[in-house]
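coords-v9.cif follows; it contains mmCIF, C-alpha atoms.
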```cif
data_data
loop_
_atom_site.label_atom_id
_atom_site.label_comp_id
_atom_site.auth_asym_id
_atom_site.auth_seq_id
_atom_site.Cartn_x
_atom_site.Cartn_y
_atom_site.Cartn_z
CA PHE A 1 246.29 27.41 11.08
CA HIS A 2 244.57 30.51 9.72
CA LEU A 3 246.78 31.28 6.73
CA PHE A 4 245.69 30.92 3.13
CA ASP A 5 246.54 27.50 1.69
CA GLU A 6 248.43 29.39 -1.02
CA THR A 7 250.69 30.95 1.63
CA VAL A 8 251.80 27.57 2.97
CA THR A 9 252.36 26.25 -0.55
CA PHE A 10 254.31 29.35 -1.57
CA MET A 11 256.53 29.09 1.52
CA LYS A 12 257.37 25.47 0.72
CA GLU A 13 258.13 26.41 -2.88
CA THR A 14 260.36 29.23 -1.64
CA GLU A 15 262.28 26.84 0.61
CA LYS A 16 262.92 24.59 -2.37
CA ARG A 17 263.77 27.46 -4.73
CA TYR A 18 266.41 28.99 -2.45
CA GLY A 19 267.64 25.82 -0.77
CA PHE A 20 266.79 26.47 2.88
CA LYS A 21 264.46 25.04 5.53
CA GLY A 22 262.30 27.52 7.37
CA ASN A 23 261.38 27.19 11.03
CA TRP A 24 257.60 26.97 11.46
CA PHE A 25 255.93 28.01 14.72
CA HIS A 26 252.21 27.87 15.41
CA ALA A 27 249.78 27.77 18.35
CA ALA A 28 251.36 25.76 21.15
CA ASP A 29 250.24 22.19 21.84
CA CYS A 30 248.08 22.02 18.70
CA ALA A 31 249.09 19.62 15.96
CA ASP A 32 246.57 20.94 13.44
CA LYS A 33 243.55 23.23 12.92
CA GLU A 34 241.13 20.59 14.18
CA GLU A 35 242.97 20.32 17.49
CA TYR A 36 243.22 24.12 17.73
CA ASP A 37 239.47 24.49 17.20
CA ALA A 38 238.72 21.85 19.83
CA LYS A 39 240.97 23.54 22.37
CA HIS A 40 240.33 27.24 21.72
CA GLY A 41 237.25 27.41 19.53
CA ALA A 42 237.08 28.23 15.82
CA ASP A 43 235.65 31.68 16.56
CA LEU A 44 238.16 32.80 19.19
CA TRP A 45 239.28 35.61 16.86
CA LYS A 46 235.72 36.96 16.87
CA VAL A 47 235.18 36.55 20.61
CA ASN A 48 238.54 37.77 21.97
CA ILE A 49 240.95 39.14 19.40
CA GLU A 50 243.63 39.89 21.99
CA GLU A 51 243.62 36.29 23.18
CA TYR A 52 243.67 35.06 19.58
CA ASP A 53 246.70 37.24 18.84
CA ARG A 54 248.46 35.91 21.93
CA ILE A 55 247.86 32.26 21.09
CA CYS A 56 248.38 32.39 17.32
CA LYS A 57 250.82 35.28 16.83
CA VAL A 58 252.66 36.64 19.86
CA GLU A 59 253.42 33.44 21.80
CA PRO A 60 254.66 31.49 18.74
CA PHE A 61 256.72 34.55 17.73
CA GLN A 62 258.31 34.82 21.16
CA ARG A 63 258.85 31.06 21.34
CA GLY A 64 260.56 31.22 17.96
CA LEU A 65 262.89 34.00 19.09
CA LYS A 66 263.81 32.06 22.21
CA THR A 67 264.24 28.73 20.41
CA LEU A 68 266.43 30.23 17.70
CA GLN A 69 268.25 32.56 20.13
CA CYS A 70 267.66 35.59 17.92
CA ASP A 71 269.71 38.74 18.42
CA CYS A 72 268.21 40.53 15.44
CA MET A 73 265.05 40.36 13.35
CA ILE A 74 265.08 41.36 9.69
CA ASN A 75 261.60 42.17 8.42
CA GLY A 76 259.79 43.91 5.55
CA ARG A 77 257.97 46.74 7.31
CA ARG A 78 257.86 50.04 5.41
CA ARG A 79 256.91 53.59 6.27
CA ASP A 80 254.22 53.75 3.61
CA HIS A 81 252.33 50.89 5.27
CA GLY A 82 250.49 53.45 7.40
CA PHE A 83 250.74 55.74 10.40
CA GLU A 84 251.76 53.03 12.89
CA ARG A 85 254.91 52.43 10.81
CA ALA A 86 255.39 55.93 9.46
CA PHE A 87 258.49 56.67 11.56
CA ILE A 88 260.36 53.36 11.57
CA ASP A 89 264.02 53.48 10.65
CA VAL A 90 266.24 51.01 8.86
CA TYR A 91 267.74 50.03 12.23
CA GLU A 92 265.96 49.85 15.57
CA SER A 93 268.06 49.08 18.63
CA GLY A 94 266.87 47.14 21.65
CA LYS A 95 267.31 43.82 23.46
CA MET A 96 266.62 42.34 20.07
CA SER A 97 267.57 44.67 17.23
CA LYS A 98 265.28 45.09 14.25
CA ILE A 99 266.49 45.75 10.73
CA ASN A 100 263.93 47.12 8.29
CA PRO A 101 265.84 47.27 4.98
CA LEU A 102 262.74 48.37 3.04
CA ALA A 103 261.73 51.11 5.49
CA TYR A 104 262.10 53.90 2.92
CA TRP A 105 260.87 51.94 -0.08
CA THR A 106 257.40 52.36 -1.56
CA PHE A 107 255.09 49.60 -2.78
CA GLU A 108 255.98 50.69 -6.33
CA ASP A 109 259.67 50.19 -5.53
CA CYS A 110 258.94 46.63 -4.41
CA TRP A 111 257.13 45.75 -7.61
CA ASP A 112 259.81 47.42 -9.75
CA TYR A 113 262.41 45.22 -8.05
CA ILE A 114 260.27 42.09 -8.45
CA HIS A 115 259.83 42.66 -12.17
CA LYS A 116 263.40 43.73 -12.84
CA TYR A 117 264.97 40.74 -11.10
CA LYS A 118 262.13 38.27 -11.80
CA VAL A 119 261.57 37.50 -8.12
CA ALA A 120 258.83 34.95 -7.44
CA TYR A 121 255.89 36.49 -5.58
CA HIS A 122 252.83 35.28 -3.70
CA PRO A 123 250.21 33.98 -6.20
CA LEU A 124 247.35 35.78 -4.41
CA HIS A 125 248.73 39.12 -5.60
CA ASP A 126 247.42 38.15 -9.03
CA LYS A 127 243.99 37.55 -7.51
CA GLY A 128 243.67 41.06 -6.08
CA TYR A 129 245.36 40.84 -2.69
CA PRO A 130 248.06 43.50 -2.21
CA SER A 131 248.89 42.31 1.32
CA ILE A 132 248.28 38.81 2.60
CA GLY A 133 247.61 37.82 6.19
CA ASP A 134 245.06 35.46 7.72
CA ALA A 135 242.47 34.07 5.33
CA LYS A 136 239.67 34.88 7.77
CA ASP A 137 240.10 38.67 7.67
CA THR A 138 242.10 39.51 4.53
CA VAL A 139 240.16 40.78 1.52
CA THR A 140 241.00 41.95 -1.98
CA VAL A 141 241.59 45.64 -2.72
CA PRO A 142 240.90 47.45 -6.03
CA LYS A 143 244.18 47.77 -7.94
CA ASP A 144 243.87 51.57 -8.15
CA LYS A 145 244.06 51.69 -4.34
CA TRP A 146 247.16 49.54 -3.98
CA PHE A 147 249.68 52.33 -4.32
CA GLU A 148 247.96 54.95 -2.18
CA TYR A 149 249.40 55.68 1.25
CA ALA A 150 248.44 52.73 3.50
CA GLY A 151 246.46 51.26 0.59
CA GLU A 152 248.51 48.09 0.45
CA ARG A 153 247.33 46.96 3.91
CA SER A 154 243.80 48.31 3.65
CA GLY A 155 242.48 44.81 3.05
CA ARG A 156 243.96 43.43 6.28
CA PHE A 157 242.17 42.87 9.63
CA THR A 158 238.82 43.55 7.96
CA GLY A 159 236.12 44.36 10.49
CA LEU A 160 238.39 43.86 13.50
CA LYS A 161 238.75 46.27 16.41
CA ASN A 162 241.28 46.53 19.21
CA LYS A 163 240.15 46.27 22.81
CA ASP A 164 239.96 50.07 23.03
CA GLY A 165 237.68 50.26 19.99
CA SER A 166 240.30 51.52 17.57
CA THR A 167 240.72 49.95 14.14
CA LYS A 168 243.06 46.98 14.21
CA THR A 169 246.18 47.36 12.09
CA GLU A 170 248.73 45.04 13.76
CA CYS A 171 248.60 41.45 15.01
CA GLY A 172 250.88 42.03 18.00
CA ILE A 173 254.30 40.83 16.87
CA HIS A 174 255.38 44.30 15.74
CA VAL A 175 254.16 46.33 18.75
CA ASP A 176 256.78 47.83 21.06
CA GLY A 177 258.16 45.26 23.47
CA ALA A 178 256.62 42.20 21.82
CA GLU A 179 260.00 40.53 21.59
CA ARG A 180 260.83 40.94 25.28
CA THR A 181 257.81 39.52 27.03
CA PHE A 182 258.45 35.79 26.64
CA GLU A 183 261.00 35.65 29.45
CA ARG A 184 260.09 38.75 31.44
CA ASP A 185 257.42 38.81 34.11
CA LEU A 186 255.97 42.13 35.30
CA TYR A 187 256.34 43.81 38.70
CA ILE A 188 259.71 42.23 39.43
CA GLU A 189 260.88 45.59 40.80
CA GLY A 190 259.06 48.21 42.87
CA LYS A 191 256.66 48.01 45.79
CA VAL A 192 253.76 46.24 44.12
CA GLU A 193 253.00 43.13 46.16
CA LYS A 194 252.77 39.90 44.14
CA VAL A 195 249.82 37.64 44.97
CA ASP A 196 249.29 34.11 43.67
CA ILE A 197 246.10 33.98 41.61
CA ASN A 198 244.87 31.07 43.73
CA ASP A 199 245.06 33.25 46.85
CA VAL A 200 243.21 36.28 45.47
CA ALA A 201 239.82 35.15 46.79
CA GLY A 202 241.11 35.54 50.33
CA VAL A 203 242.83 38.93 50.17
CA LYS A 204 241.40 42.15 51.64
CA ASP A 205 242.16 45.87 51.60
CA GLN A 206 243.98 45.81 48.29
CA ILE A 207 243.83 47.35 44.85
CA LEU A 208 244.85 44.40 42.75
CA THR A 209 245.53 44.01 39.04
CA VAL A 210 245.26 40.64 37.35
CA TYR A 211 247.67 40.78 34.41
CA ALA A 212 249.42 38.79 31.71
CA PRO A 213 253.07 39.66 31.00
CA TRP A 214 252.66 39.19 27.22
CA CYS A 215 249.70 41.60 27.08
CA GLN A 216 250.66 45.01 25.68
CA PHE A 217 248.05 46.74 27.87
CA SER A 218 249.42 45.02 30.99
CA GLN A 219 252.90 46.11 29.98
CA ALA A 220 251.79 49.67 29.33
CA MET A 221 250.34 50.17 32.82
CA GLU A 222 253.22 48.55 34.75
CA GLU A 223 255.25 51.71 35.34
CA GLU A 224 252.23 53.74 36.44
CA PHE A 225 250.97 51.00 38.78
CA ILE A 226 254.41 50.82 40.39
CA LYS A 227 254.16 54.58 40.97
CA LEU A 228 250.79 54.04 42.65
CA ALA A 229 252.43 51.61 45.08
CA GLU A 230 254.82 54.38 46.12
CA GLU A 231 251.98 56.72 47.13
CA ASP A 232 251.38 57.32 50.84
CA GLY A 233 248.02 57.20 52.57
CA LEU A 234 246.17 54.97 50.09
CA GLY A 235 244.67 52.84 52.84
CA VAL A 236 245.07 49.71 50.71
CA THR A 237 247.92 47.55 49.50
CA VAL A 238 248.83 47.78 45.81
CA SER A 239 249.16 44.25 44.44
CA ALA A 240 249.31 42.29 41.21
CA SER A 241 248.52 38.73 40.26
CA ARG A 242 249.46 36.88 37.09
CA GLY A 243 246.30 35.43 35.62
CA ASP A 244 247.21 33.84 32.29
CA GLU A 245 248.61 30.64 33.76
CA GLU A 246 245.45 29.82 35.75
CA ARG A 247 242.73 31.03 33.41
CA GLU A 248 239.81 29.22 35.01
CA VAL A 249 240.71 30.70 38.38
CA ALA A 250 240.98 34.16 36.82
CA ARG A 251 237.61 33.78 35.10
CA GLY A 252 236.10 32.73 38.41
CA LEU A 253 237.22 36.07 39.83
CA GLY A 254 235.44 37.92 37.03
CA VAL A 255 238.47 38.51 34.82
CA GLU A 256 237.36 38.70 31.19
CA ALA A 257 240.48 40.37 29.78
CA PHE A 258 243.94 41.47 30.85
CA PRO A 259 244.59 43.64 32.71
CA THR A 260 241.63 43.73 35.10
CA THR A 261 241.90 45.77 38.30
CA PHE A 262 239.83 45.31 41.46
CA LEU A 263 239.47 47.21 44.69
CA ILE A 264 239.09 44.53 47.36
CA LYS A 265 237.52 45.94 50.52
CA SER A 266 237.94 44.81 54.13
CA ASP A 267 234.84 42.60 53.90
CA GLY A 268 236.22 40.87 50.79
CA THR A 269 233.93 42.69 48.34
CA ARG A 270 235.57 43.10 44.94
CA ILE A 271 234.79 46.24 42.91
CA LYS A 272 236.02 46.17 39.32
CA TYR A 273 237.85 49.24 38.06
CA PRO A 274 235.46 50.55 35.41
CA THR A 275 237.70 52.41 32.93
CA GLU A 276 240.85 52.03 30.85
CA ASP A 277 242.28 55.30 32.20
CA ARG A 278 245.20 53.62 33.95
CA THR A 279 246.86 56.50 35.81
CA VAL A 280 247.82 57.13 39.43
CA ALA A 281 245.30 59.97 39.71
CA SER A 282 242.46 57.86 38.31
CA TRP A 283 243.21 54.87 40.54
CA LYS A 284 243.43 57.12 43.62
CA ALA A 285 240.07 58.67 42.77
CA PHE A 286 238.60 55.17 42.36
CA ILE A 287 239.92 54.10 45.77
CA GLU A 288 238.62 57.25 47.44
CA ALA A 289 235.17 56.94 45.86
CA ASN A 290 234.75 53.38 47.08
CA LYS A 291 236.05 53.58 50.65
#
```
Structure re-expressed in structure tokens:
Amino acid sequence: FHLFDETVTFMKETEKRYGFKGNWFHAADCADKEEYDAKHGADLWKVNIEEYDRICKVEPFQRGLKTLQCDCMINGRRRDHGFERAFIDVYESGKMSKINPLAYWTFEDCWDYIHKYKVAYHPLHDKGYPSIGDAKDTVTVPKDKWFEYAGERSGRFTGLKNKDGSTKTECGIHVDGAERTFERDLYIEGKVEKVDINDVAGVKDQILTVYAPWCQFSQAMEEEFIKLAEEDGLGVTVSASRGDEEREVARGLGVEAFPTTFLIKSDGTRIKYPTEDRTVASWKAFIEANK
């Protein structure tokens, strides 16, 4: 719902040109942009970029992989796209393998191939766009910058920041583990106690994380939080509650983003963990300071 009109038209032309029918996946339970705006708000990408990525990128991507039963994804990522892709190889193993046939190509190589074999290309390239993503945050780039290292994608995600304040360079579908989170919940193993989100208001003496299994930050802290649960003498139970399926309940608890961690004291007082330093040592210091 946020692509350039030219992108949709070009895709349909490509289907016709090569005689195939693509599988289209978009935000769940939304028939069109109007319905999406009514349900999530037209400015969700400005208000909560992580939630926007989940709804518009990651969840449809994961749903597509599950629906089509994908064992392997072939994509066009290249090393010269920038640092985040600087070390990708042609083949990446995993639950779902990734093949990056252009990994060692340059942007010049791509255009040489296009011209030599007269391959049809996206019409917005001729209007100054070297890389084309969402219409809302993709801008043109001076042609003399196109072939510099990372220059091709320098017009993408304009003005957007990740939750940690870093410059946004990916939408979520190419981060590590993105393909595995559709079917996998967190904290299935280990000593972390699972608590239903509807029961959180009544728990006491716990350090509890409200998480979403698709969230890369929730995924990243899972192993360390499991280690915390193995520590002796904490004086509190280490627990986790999935919050993305009952969002109003989670918001009522003060959850503005995933993951959010609370220390819940014996009188029911909830103290929100104030930093993104998600380590055993930091959590233990937090518990000790708020006894």
Output of the PyMOL selection byres ((chain A and resi 228-240) around 12), listed as a VMD selection string
chain A and resid 185 to 197 199 to 200 203 to 213 218 221 to 227 241 to 243 258 to 266 278 to 291
As a check of understanding: the span from atom CA of Lys46 of chain A to atom CA of Asn162 of chain A is 11.3 Å
Selection under test: the PyMOL selection byres ((chain A and resi 101-118) around 10); residues as a VMD selection string:
chain A and resid 74 to 81 85 to 91 98 to 100 119 to 121 130 146 to 152
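Using only C-alpha atoms, the nearest neighbour of Lys143 of chain A within the list A:Lys57, A:Lys127, A:His2, A:Arg17 is A:Lys127.
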Could you list, as a ChimeraX atom specification, every residue matched by the PyMOL selection byres ((chain A and resi 27) around 10) in this structure?
/A:1,25-26,28-33,36,52-61
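For the residues A:His125, A:Lys145, A:Asp137, A:Glu246, ranking by smallest atom-to-atom distance to Lys161 of chain A using only C-alpha atoms places A:Asp137 first.
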Atom CA of Lys272 of chain A to atom CA of Gly254 of chain A, straight-line distance in Å
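Distance reported for this atom pair: 8.6 Å.
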May I ask for the distance between atom CA of Arg156 of chain A and atom CA of Thr138 of chain A, given in Å to one decimal place?
4.7 Å
Of the listed residues A:Met96, A:Ile271, A:Met11, A:Ala257, that which approaches Gln216 of chain A most closely, counting all atoms listed in the file
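Among the listed residues, the smallest separation from Gln216 of chain A belongs to A:Ala257.
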A:Leu68, A:Val141, A:Met73, A:Ala38 ranked by distance to Ser154 of chain A, top pick (using only C-alpha atoms)
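Once distances to Ser154 of chain A are computed over only C-alpha atoms, the minimum belongs to A:Val141.
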Can you rebuild segment 98-125 of chain A with N, CA and C atoms and give it as a short mmCIF file (atom, residue, chain, number, x, y, z; two decimals), keeping the file's coordinate frame?
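File produced: out_32.cif:
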```cif
data_model
loop_
_atom_site.label_atom_id
_atom_site.label_comp_id
_atom_site.auth_asym_id
_atom_site.auth_seq_id
_atom_site.Cartn_x
_atom_site.Cartn_y
_atom_site.Cartn_z
N LYS A 98 266.10 45.31 15.43
CA LYS A 98 265.28 45.09 14.25
C LYS A 98 265.90 45.82 13.06
N ILE A 99 266.00 45.14 11.96
CA ILE A 99 266.49 45.75 10.73
C ILE A 99 265.35 45.76 9.72
N ASN A 100 265.01 46.95 9.25
CA ASN A 100 263.93 47.12 8.29
C ASN A 100 264.50 47.66 6.98
N PRO A 101 265.12 46.80 6.17
CA PRO A 101 265.84 47.27 4.98
C PRO A 101 264.96 47.99 3.97
N LEU A 102 263.65 47.75 4.01
CA LEU A 102 262.74 48.37 3.04
C LEU A 102 262.01 49.57 3.63
N ALA A 103 262.46 50.05 4.77
CA ALA A 103 261.73 51.11 5.49
C ALA A 103 261.38 52.30 4.60
N TYR A 104 262.30 52.70 3.74
CA TYR A 104 262.10 53.90 2.92
C TYR A 104 261.65 53.58 1.49
N TRP A 105 261.39 52.31 1.23
CA TRP A 105 260.87 51.94 -0.08
C TRP A 105 259.37 52.22 -0.14
N THR A 106 258.84 52.28 -1.36
CA THR A 106 257.40 52.36 -1.56
C THR A 106 256.93 51.01 -2.13
N PHE A 107 255.62 50.82 -2.19
CA PHE A 107 255.09 49.60 -2.78
C PHE A 107 255.48 49.50 -4.25
N GLU A 108 255.53 50.67 -4.94
CA GLU A 108 255.98 50.69 -6.33
C GLU A 108 257.41 50.21 -6.45
N ASP A 109 258.28 50.62 -5.52
CA ASP A 109 259.67 50.19 -5.53
C ASP A 109 259.76 48.66 -5.44
N CYS A 110 258.92 48.09 -4.59
CA CYS A 110 258.94 46.63 -4.41
C CYS A 110 258.60 45.92 -5.71
N TRP A 111 257.54 46.40 -6.37
CA TRP A 111 257.13 45.75 -7.61
C TRP A 111 258.12 46.00 -8.75
N ASP A 112 258.75 47.16 -8.76
CA ASP A 112 259.81 47.42 -9.75
C ASP A 112 260.95 46.42 -9.58
N TYR A 113 261.33 46.16 -8.33
CA TYR A 113 262.41 45.22 -8.05
C TYR A 113 262.00 43.80 -8.46
N ILE A 114 260.77 43.43 -8.11
CA ILE A 114 260.27 42.09 -8.45
C ILE A 114 260.33 41.84 -9.96
N HIS A 115 259.86 42.83 -10.71
CA HIS A 115 259.83 42.66 -12.17
C HIS A 115 261.23 42.71 -12.78
N LYS A 116 262.06 43.59 -12.27
CA LYS A 116 263.40 43.73 -12.84
C LYS A 116 264.23 42.46 -12.64
N TYR A 117 264.12 41.89 -11.42
CA TYR A 117 264.97 40.74 -11.10
C TYR A 117 264.21 39.41 -11.14
N LYS A 118 262.95 39.48 -11.63
CA LYS A 118 262.13 38.27 -11.80
C LYS A 118 262.05 37.45 -10.51
N VAL A 119 261.73 38.15 -9.42
CA VAL A 119 261.57 37.50 -8.12
C VAL A 119 260.18 36.86 -8.05
N ALA A 120 260.12 35.63 -7.59
CA ALA A 120 258.83 34.95 -7.44
C ALA A 120 258.02 35.67 -6.36
N TYR A 121 256.73 35.81 -6.57
CA TYR A 121 255.89 36.49 -5.58
C TYR A 121 254.64 35.67 -5.28
N HIS A 122 254.00 36.02 -4.19
CA HIS A 122 252.83 35.28 -3.70
C HIS A 122 251.74 35.25 -4.78
N PRO A 123 251.20 34.08 -5.10
CA PRO A 123 250.21 33.98 -6.20
C PRO A 123 248.92 34.76 -5.94
N LEU A 124 248.60 35.05 -4.69
CA LEU A 124 247.35 35.78 -4.41
C LEU A 124 247.43 37.25 -4.82
N HIS A 125 248.63 37.76 -5.06
CA HIS A 125 248.73 39.12 -5.60
C HIS A 125 247.99 39.21 -6.93
#
```
